[in-house]
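Asks: Before anything else, here's the structure in question.
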Amino acid sequence: MLRVTYNIMFDEYSSNPNSDVFVNISAGSSEYAAASIISAMMFPTSIPFSVSTEKYHVPTKFYLDGNVPVGLAAEVHLPKVVTRYDIEPPDKILVLGLSVLNTLTVDYRAPKGPEVIERLKKNGIWFRKNSSGPRSDAVYYHRDFVKKWERVGWVYRDDHEKRFYLTDRGKMILNTFYLTEQNNLIM
């Protein structure tokens, strides 16, 4: 559910950065409520709010007023804005770089660093403009990507192969954030 709510908001703000996105956290399932409040906290200009019910329809067979669906709430209180606690989404470049690593992993065999570096450059994710060759590129790849992925628990190193593989947490990050951008990567 977090993937859905986050990407709806991400796409909305990508197409119109000045949007007013109101997020009703009191509607839907508990999974939706949790995902929507977390997503809302990742976008500083979103407006999460809650609406509580003042009076319910009883019995529940009265979901319709004539032919108009009315649900369980007969009357509601005024909406209340939820206090914000900003949450930083994962770094976009790190997520897109992780997507490159994941895409190049074939038949459960992770790619070597130079393959990943080449694809990062091809996709404009490599931000080191001047390098003095493959050796320095390898150092920067480990410094700018691998060490950061390891620190947040997105990859682990297989000591026998000396290659990096995604953890379950890394896979979850890829399945949740920046899906549109991931789909636009050149593979």
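We label chains A, B, ... in the order they appear in the structure tokens, count residues from 1 in each chain, and number ligands from 1 in the order shown.
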If we count only C-alpha atoms and set the cut-off at 8 Å, which residues sit around stretch 168-170 of chain A, ignoring sequence neighbours fewer than 2 positions away in its own chain? Please answer as a compact mmCIF listing (two decimals) with all heavy atoms, in the first residue's frame.

Replies:
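around_30.txt, freshly written:
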```txt
# COMPACT_ATOMS: atom_id res chain seq x y z
N LEU A 98 20.62 1.28 -7.29
CA LEU A 98 20.28 -0.07 -6.82
C LEU A 98 19.45 -0.81 -7.87
O LEU A 98 19.63 -2.01 -8.08
CB LEU A 98 19.51 0.03 -5.51
CG LEU A 98 19.27 -1.27 -4.76
CD1 LEU A 98 20.57 -1.86 -4.25
CD2 LEU A 98 18.30 -1.04 -3.60
N GLY A 153 21.47 -1.16 4.63
CA GLY A 153 20.99 -2.54 4.61
C GLY A 153 20.32 -2.98 3.32
O GLY A 153 19.52 -3.91 3.33
N TRP A 154 20.67 -2.36 2.20
CA TRP A 154 20.06 -2.72 0.93
C TRP A 154 20.82 -3.79 0.18
O TRP A 154 20.26 -4.43 -0.72
CB TRP A 154 19.92 -1.50 0.02
CG TRP A 154 19.02 -0.42 0.55
CD1 TRP A 154 18.21 -0.47 1.66
CD2 TRP A 154 18.84 0.87 -0.01
NE1 TRP A 154 17.56 0.71 1.83
CE2 TRP A 154 17.92 1.56 0.81
CE3 TRP A 154 19.37 1.52 -1.10
CZ2 TRP A 154 17.50 2.87 0.55
CZ3 TRP A 154 18.96 2.82 -1.37
CH2 TRP A 154 18.03 3.48 -0.55
N VAL A 155 22.10 -3.95 0.47
CA VAL A 155 22.92 -4.98 -0.19
C VAL A 155 23.80 -5.68 0.84
O VAL A 155 24.01 -5.18 1.94
CB VAL A 155 23.84 -4.40 -1.30
CG1 VAL A 155 23.04 -3.73 -2.42
CG2 VAL A 155 24.89 -3.46 -0.73
N LEU A 166 21.28 -7.83 -3.52
CA LEU A 166 20.23 -7.12 -2.80
C LEU A 166 19.72 -7.94 -1.62
O LEU A 166 19.57 -9.16 -1.72
CB LEU A 166 19.04 -6.82 -3.72
CG LEU A 166 19.08 -5.51 -4.47
CD1 LEU A 166 20.17 -5.50 -5.50
CD2 LEU A 166 17.75 -5.21 -5.07
N MET A 172 12.54 -4.47 -1.25
CA MET A 172 11.36 -3.73 -0.85
C MET A 172 11.47 -2.26 -1.25
O MET A 172 10.50 -1.66 -1.73
CB MET A 172 11.17 -3.86 0.68
CG MET A 172 9.92 -3.18 1.23
SD MET A 172 10.09 -1.47 1.78
CE MET A 172 11.47 -1.51 2.87
N ILE A 173 12.66 -1.68 -1.09
CA ILE A 173 12.87 -0.28 -1.50
C ILE A 173 12.61 -0.14 -2.99
O ILE A 173 11.94 0.81 -3.44
CB ILE A 173 14.30 0.17 -1.13
CG1 ILE A 173 14.46 0.29 0.38
CG2 ILE A 173 14.68 1.47 -1.83
CD1 ILE A 173 13.65 1.38 1.04
N LEU A 174 13.12 -1.07 -3.80
CA LEU A 174 12.91 -1.00 -5.26
C LEU A 174 11.45 -1.17 -5.63
O LEU A 174 10.99 -0.61 -6.63
CB LEU A 174 13.74 -2.07 -5.97
CG LEU A 174 15.23 -1.83 -6.03
CD1 LEU A 174 15.91 -2.93 -6.86
CD2 LEU A 174 15.57 -0.47 -6.61
```

Asks: Just want the 10 Å neighbourhood of A:Val146, counted on only C-alpha atoms, with same-chain residues fewer than 6 positions away dropped. Output as a list in words.

Replies: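 My list of contacting residues is Leu94, Gly97, Leu98, Gly113, Val139, Tyr140, Trp154, Val155, Tyr156, Arg157 and Phe164 of chain A.
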
Asks: Could you tell me, as an mmCIF file with N, CA and C atoms, in the first residue's frame, which residues of stretch 18-182 of chain A DSSP assigns to alpha helix (DSSP H) when given the backbone?

Replies:
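This is the output file result_33.cif:
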```
data_model
loop_
_atom_site.group_PDB
_atom_site.id
_atom_site.type_symbol
_atom_site.label_atom_id
_atom_site.label_comp_id
_atom_site.auth_asym_id
_atom_site.auth_seq_id
_atom_site.Cartn_x
_atom_site.Cartn_y
_atom_site.Cartn_z
ATOM 1 N N SER A 30 -6.814 -0.026 7.684
ATOM 2 C CA SER A 30 -5.705 0.410 8.541
ATOM 3 C C SER A 30 -4.397 0.432 7.755
ATOM 4 N N GLU A 31 -4.238 -0.479 6.781
ATOM 5 C CA GLU A 31 -3.044 -0.477 5.932
ATOM 6 C C GLU A 31 -2.978 0.801 5.106
ATOM 7 N N TYR A 32 -4.124 1.219 4.568
ATOM 8 C CA TYR A 32 -4.160 2.462 3.806
ATOM 9 C C TYR A 32 -3.831 3.649 4.713
ATOM 10 N N ALA A 33 -4.427 3.688 5.895
ATOM 11 C CA ALA A 33 -4.201 4.810 6.806
ATOM 12 C C ALA A 33 -2.716 4.948 7.133
ATOM 13 N N ALA A 34 -2.065 3.827 7.451
ATOM 14 C CA ALA A 34 -0.636 3.872 7.783
ATOM 15 C C ALA A 34 0.190 4.309 6.580
ATOM 16 N N ALA A 35 -0.075 3.729 5.424
ATOM 17 C CA ALA A 35 0.687 4.065 4.219
ATOM 18 C C ALA A 35 0.466 5.516 3.803
ATOM 19 N N SER A 36 -0.758 5.986 3.899
ATOM 20 C CA SER A 36 -1.050 7.347 3.451
ATOM 21 C C SER A 36 -0.405 8.385 4.370
ATOM 22 N N ILE A 37 -0.373 8.127 5.671
ATOM 23 C CA ILE A 37 0.250 9.108 6.565
ATOM 24 C C ILE A 37 1.763 9.115 6.376
ATOM 25 N N ILE A 38 2.364 7.945 6.172
ATOM 26 C CA ILE A 38 3.804 7.894 5.921
ATOM 27 C C ILE A 38 4.136 8.608 4.618
ATOM 28 N N SER A 39 3.372 8.324 3.570
ATOM 29 C CA SER A 39 3.600 8.987 2.278
ATOM 30 C C SER A 39 3.440 10.497 2.398
ATOM 31 N N ALA A 40 2.398 10.922 3.084
ATOM 32 C CA ALA A 40 2.152 12.356 3.228
ATOM 33 C C ALA A 40 3.313 13.048 3.940
ATOM 34 N N MET A 41 3.919 12.367 4.899
ATOM 35 C CA MET A 41 5.026 12.963 5.652
ATOM 36 C C MET A 41 6.305 13.075 4.805
ATOM 37 N N LYS A 92 17.045 9.302 -4.127
ATOM 38 C CA LYS A 92 16.623 8.862 -5.464
ATOM 39 C C LYS A 92 17.777 8.257 -6.256
ATOM 40 N N ILE A 93 18.949 8.887 -6.221
ATOM 41 C CA ILE A 93 20.096 8.378 -6.977
ATOM 42 C C ILE A 93 20.504 7.002 -6.457
ATOM 43 N N LEU A 94 20.491 6.823 -5.135
ATOM 44 C CA LEU A 94 20.844 5.515 -4.569
ATOM 45 C C LEU A 94 19.833 4.439 -4.965
ATOM 46 N N VAL A 95 18.559 4.800 -4.993
ATOM 47 C CA VAL A 95 17.528 3.836 -5.387
ATOM 48 C C VAL A 95 17.672 3.475 -6.866
ATOM 49 N N LEU A 96 17.893 4.472 -7.712
ATOM 50 C CA LEU A 96 18.049 4.190 -9.143
ATOM 51 C C LEU A 96 19.320 3.380 -9.401
ATOM 52 N N GLY A 97 20.389 3.686 -8.678
ATOM 53 C CA GLY A 97 21.609 2.886 -8.795
ATOM 54 C C GLY A 97 21.380 1.451 -8.356
ATOM 55 N N LEU A 98 20.618 1.280 -7.295
ATOM 56 C CA LEU A 98 20.280 -0.072 -6.823
ATOM 57 C C LEU A 98 19.453 -0.810 -7.867
ATOM 58 N N SER A 99 18.582 -0.089 -8.542
ATOM 59 C CA SER A 99 17.783 -0.687 -9.613
ATOM 60 C C SER A 99 18.680 -1.177 -10.749
ATOM 61 N N VAL A 100 19.718 -0.411 -11.060
ATOM 62 C CA VAL A 100 20.691 -0.829 -12.079
ATOM 63 C C VAL A 100 21.372 -2.128 -11.633
ATOM 64 N N LEU A 101 21.856 -2.156 -10.402
ATOM 65 C CA LEU A 101 22.495 -3.371 -9.879
ATOM 66 C C LEU A 101 21.551 -4.557 -9.962
ATOM 67 N N ASN A 102 20.314 -4.351 -9.561
ATOM 68 C CA ASN A 102 19.323 -5.430 -9.566
ATOM 69 C C ASN A 102 19.039 -5.925 -10.982
ATOM 70 N N THR A 103 18.905 -5.003 -11.919
ATOM 71 C CA THR A 103 18.598 -5.383 -13.303
ATOM 72 C C THR A 103 19.752 -6.161 -13.934
ATOM 73 N N LEU A 104 20.975 -5.806 -13.564
ATOM 74 C CA LEU A 104 22.142 -6.502 -14.122
ATOM 75 C C LEU A 104 22.408 -7.848 -13.450
ATOM 76 N N GLY A 113 31.645 -4.685 -10.692
ATOM 77 C CA GLY A 113 31.595 -3.232 -10.592
ATOM 78 C C GLY A 113 31.644 -2.490 -11.917
ATOM 79 N N PRO A 114 32.587 -2.832 -12.823
ATOM 80 C CA PRO A 114 32.659 -2.076 -14.082
ATOM 81 C C PRO A 114 31.367 -2.127 -14.909
ATOM 82 N N GLU A 115 30.639 -3.246 -14.847
ATOM 83 C CA GLU A 115 29.365 -3.327 -15.573
ATOM 84 C C GLU A 115 28.359 -2.338 -14.994
ATOM 85 N N VAL A 116 28.312 -2.281 -13.677
ATOM 86 C CA VAL A 116 27.375 -1.380 -13.012
ATOM 87 C C VAL A 116 27.768 0.071 -13.292
ATOM 88 N N ILE A 117 29.034 0.375 -13.194
ATOM 89 C CA ILE A 117 29.521 1.740 -13.430
ATOM 90 C C ILE A 117 29.150 2.198 -14.842
ATOM 91 N N GLU A 118 29.376 1.328 -15.821
ATOM 92 C CA GLU A 118 29.040 1.668 -17.216
ATOM 93 C C GLU A 118 27.558 2.002 -17.356
ATOM 94 N N ARG A 119 26.689 1.205 -16.727
ATOM 95 C CA ARG A 119 25.245 1.432 -16.821
ATOM 96 C C ARG A 119 24.818 2.671 -16.027
ATOM 97 N N LEU A 120 25.478 2.923 -14.897
ATOM 98 C CA LEU A 120 25.187 4.149 -14.143
ATOM 99 C C LEU A 120 25.502 5.379 -14.990
ATOM 100 N N LYS A 121 26.639 5.346 -15.682
ATOM 101 C CA LYS A 121 27.025 6.459 -16.557
ATOM 102 C C LYS A 121 26.035 6.619 -17.700
ATOM 103 N N LYS A 122 25.646 5.514 -18.300
ATOM 104 C CA LYS A 122 24.720 5.554 -19.434
ATOM 105 C C LYS A 122 23.381 6.182 -19.038
ATOM 106 N N PRO A 134 39.516 3.482 -14.804
ATOM 107 C CA PRO A 134 38.708 2.435 -14.176
ATOM 108 C C PRO A 134 38.993 2.240 -12.691
ATOM 109 N N ARG A 135 40.240 2.412 -12.304
ATOM 110 C CA ARG A 135 40.591 2.208 -10.897
ATOM 111 C C ARG A 135 39.916 3.260 -9.999
ATOM 112 N N SER A 136 39.980 4.523 -10.415
ATOM 113 C CA SER A 136 39.324 5.563 -9.611
ATOM 114 C C SER A 136 37.808 5.436 -9.691
ATOM 115 N N ASP A 137 37.276 5.008 -10.846
ATOM 116 C CA ASP A 137 35.833 4.767 -10.954
ATOM 117 C C ASP A 137 35.390 3.709 -9.949
ATOM 118 N N ALA A 138 36.181 2.658 -9.780
ATOM 119 C CA ALA A 138 35.845 1.602 -8.821
ATOM 120 C C ALA A 138 35.815 2.147 -7.401
ATOM 121 N N VAL A 139 36.771 3.013 -7.078
ATOM 122 C CA VAL A 139 36.804 3.620 -5.742
ATOM 123 C C VAL A 139 35.554 4.470 -5.527
ATOM 124 N N TYR A 140 35.225 5.296 -6.524
ATOM 125 C CA TYR A 140 34.043 6.147 -6.401
ATOM 126 C C TYR A 140 32.759 5.324 -6.361
ATOM 127 N N TYR A 141 32.666 4.260 -7.123
ATOM 128 C CA TYR A 141 31.491 3.390 -7.106
ATOM 129 C C TYR A 141 31.275 2.843 -5.692
ATOM 130 N N LYS A 147 28.980 1.425 -0.390
ATOM 131 C CA LYS A 147 29.078 1.650 1.064
ATOM 132 C C LYS A 147 27.772 2.224 1.616
ATOM 133 N N LYS A 148 27.147 3.102 0.867
ATOM 134 C CA LYS A 148 25.871 3.680 1.311
ATOM 135 C C LYS A 148 24.763 2.634 1.288
ATOM 136 N N TRP A 149 24.748 1.773 0.246
ATOM 137 C CA TRP A 149 23.760 0.686 0.200
ATOM 138 C C TRP A 149 23.948 -0.257 1.386
ATOM 139 N N GLU A 150 25.205 -0.578 1.682
ATOM 140 C CA GLU A 150 25.478 -1.466 2.814
ATOM 141 C C GLU A 150 25.045 -0.823 4.136
ATOM 142 N N ARG A 151 25.332 0.465 4.287
ATOM 143 C CA ARG A 151 25.009 1.167 5.533
ATOM 144 C C ARG A 151 23.513 1.135 5.829
ATOM 145 N N ASP A 168 16.517 -8.388 1.276
ATOM 146 C CA ASP A 168 15.062 -8.253 1.191
ATOM 147 C C ASP A 168 14.643 -6.794 1.365
ATOM 148 N N ARG A 169 15.351 -6.097 2.214
ATOM 149 C CA ARG A 169 15.060 -4.673 2.416
ATOM 150 C C ARG A 169 15.333 -3.882 1.140
ATOM 151 N N GLY A 170 16.429 -4.180 0.453
ATOM 152 C CA GLY A 170 16.736 -3.523 -0.808
ATOM 153 C C GLY A 170 15.668 -3.792 -1.857
ATOM 154 N N LYS A 171 15.194 -5.025 -1.911
ATOM 155 C CA LYS A 171 14.127 -5.365 -2.866
ATOM 156 C C LYS A 171 12.848 -4.606 -2.550
ATOM 157 N N MET A 172 12.540 -4.468 -1.251
ATOM 158 C CA MET A 172 11.355 -3.731 -0.847
ATOM 159 C C MET A 172 11.469 -2.256 -1.249
ATOM 160 N N ILE A 173 12.657 -1.681 -1.094
ATOM 161 C CA ILE A 173 12.870 -0.282 -1.504
ATOM 162 C C ILE A 173 12.610 -0.135 -2.994
ATOM 163 N N LEU A 174 13.118 -1.070 -3.804
ATOM 164 C CA LEU A 174 12.911 -1.003 -5.256
ATOM 165 C C LEU A 174 11.447 -1.171 -5.628
ATOM 166 N N LEU A 179 9.215 4.348 -8.927
ATOM 167 C CA LEU A 179 8.911 3.309 -9.913
ATOM 168 C C LEU A 179 8.939 3.837 -11.339
ATOM 169 N N THR A 180 8.412 5.025 -11.565
ATOM 170 C CA THR A 180 8.407 5.594 -12.915
ATOM 171 C C THR A 180 9.829 5.791 -13.415
ATOM 172 N N GLU A 181 10.696 6.352 -12.571
ATOM 173 C CA GLU A 181 12.086 6.569 -12.962
ATOM 174 C C GLU A 181 12.816 5.248 -13.191
ATOM 175 N N GLN A 182 12.535 4.250 -12.370
ATOM 176 C CA GLN A 182 13.155 2.948 -12.561
ATOM 177 C C GLN A 182 12.779 2.354 -13.924
#
```

Asks: Please provide the set of residues having any atom within 12 Å of A:Ser14, restricted to only C-alpha atoms, with same-chain residues fewer than 5 positions apart removed, written as a list in words.

Replies: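 So the residues in contact are Tyr6, Asn7, Ile8, Met9, Ser19, Phe43, Tyr178, Thr180 and Glu181 of chain A.
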
Asks: Taking into account only C-alpha atoms, which residue in the set A:Pro48, A:Thr83, A:Phe177, A:Asn18 is nearest to A:Met1?

Replies: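 Counting only C-alpha atoms, the residue closest to A:Met1 is A:Phe177.
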
Asks: Looking at A:Asn183, A:Ser132, A:Thr53, A:Ser29, which one is nearest to A:Val76, with distances taken over only C-alpha atoms?

Replies: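 Closest candidate: A:Thr53.
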
Asks: One decimal, Å: what's the distance from atom CA of A:Phe49 over to atom CA of A:Val82, could you say?

Replies: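 Pair atom CA of A:Phe49 / atom CA of A:Val82 returns 5.1 Å.
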
Asks: I'd like to know which of A:Thr176, A:Val68, A:Arg128, A:Ala74 is closest to A:Thr5, using only C-alpha atoms.

Replies: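 Using only C-alpha atoms, the shortest distance to A:Thr5 belongs to A:Thr176.
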
Asks: Please measure the separation of atom CA of A:Ser52 and atom CA of A:Glu88, giving the value in Å to one decimal.

Replies: 28.3 Å

Asks: Suppose you want the space between atom CA of A:Val51 and atom CA of A:Asn24; what is it in Å?

Replies: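 Distance between the two atoms: 7.5 Å.
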
Asks: Ranking A:Ser46, A:Asn123, A:Thr167, A:Ser131 by minimum distance to A:Phe10 and counting only C-alpha atoms, which one comes first?

Replies: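 Distance minimum relative to A:Phe10 lands on A:Ser46.
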
Asks: List every residue of chain A that DSSP, applied to the backbone, labels as strand (DSSP E), and write the result as an MDAnalysis selection string.

Replies: chainID A and resid 22:24 47:50 53:56 64:65 68:69 73:76 80:81 155:158 163:166
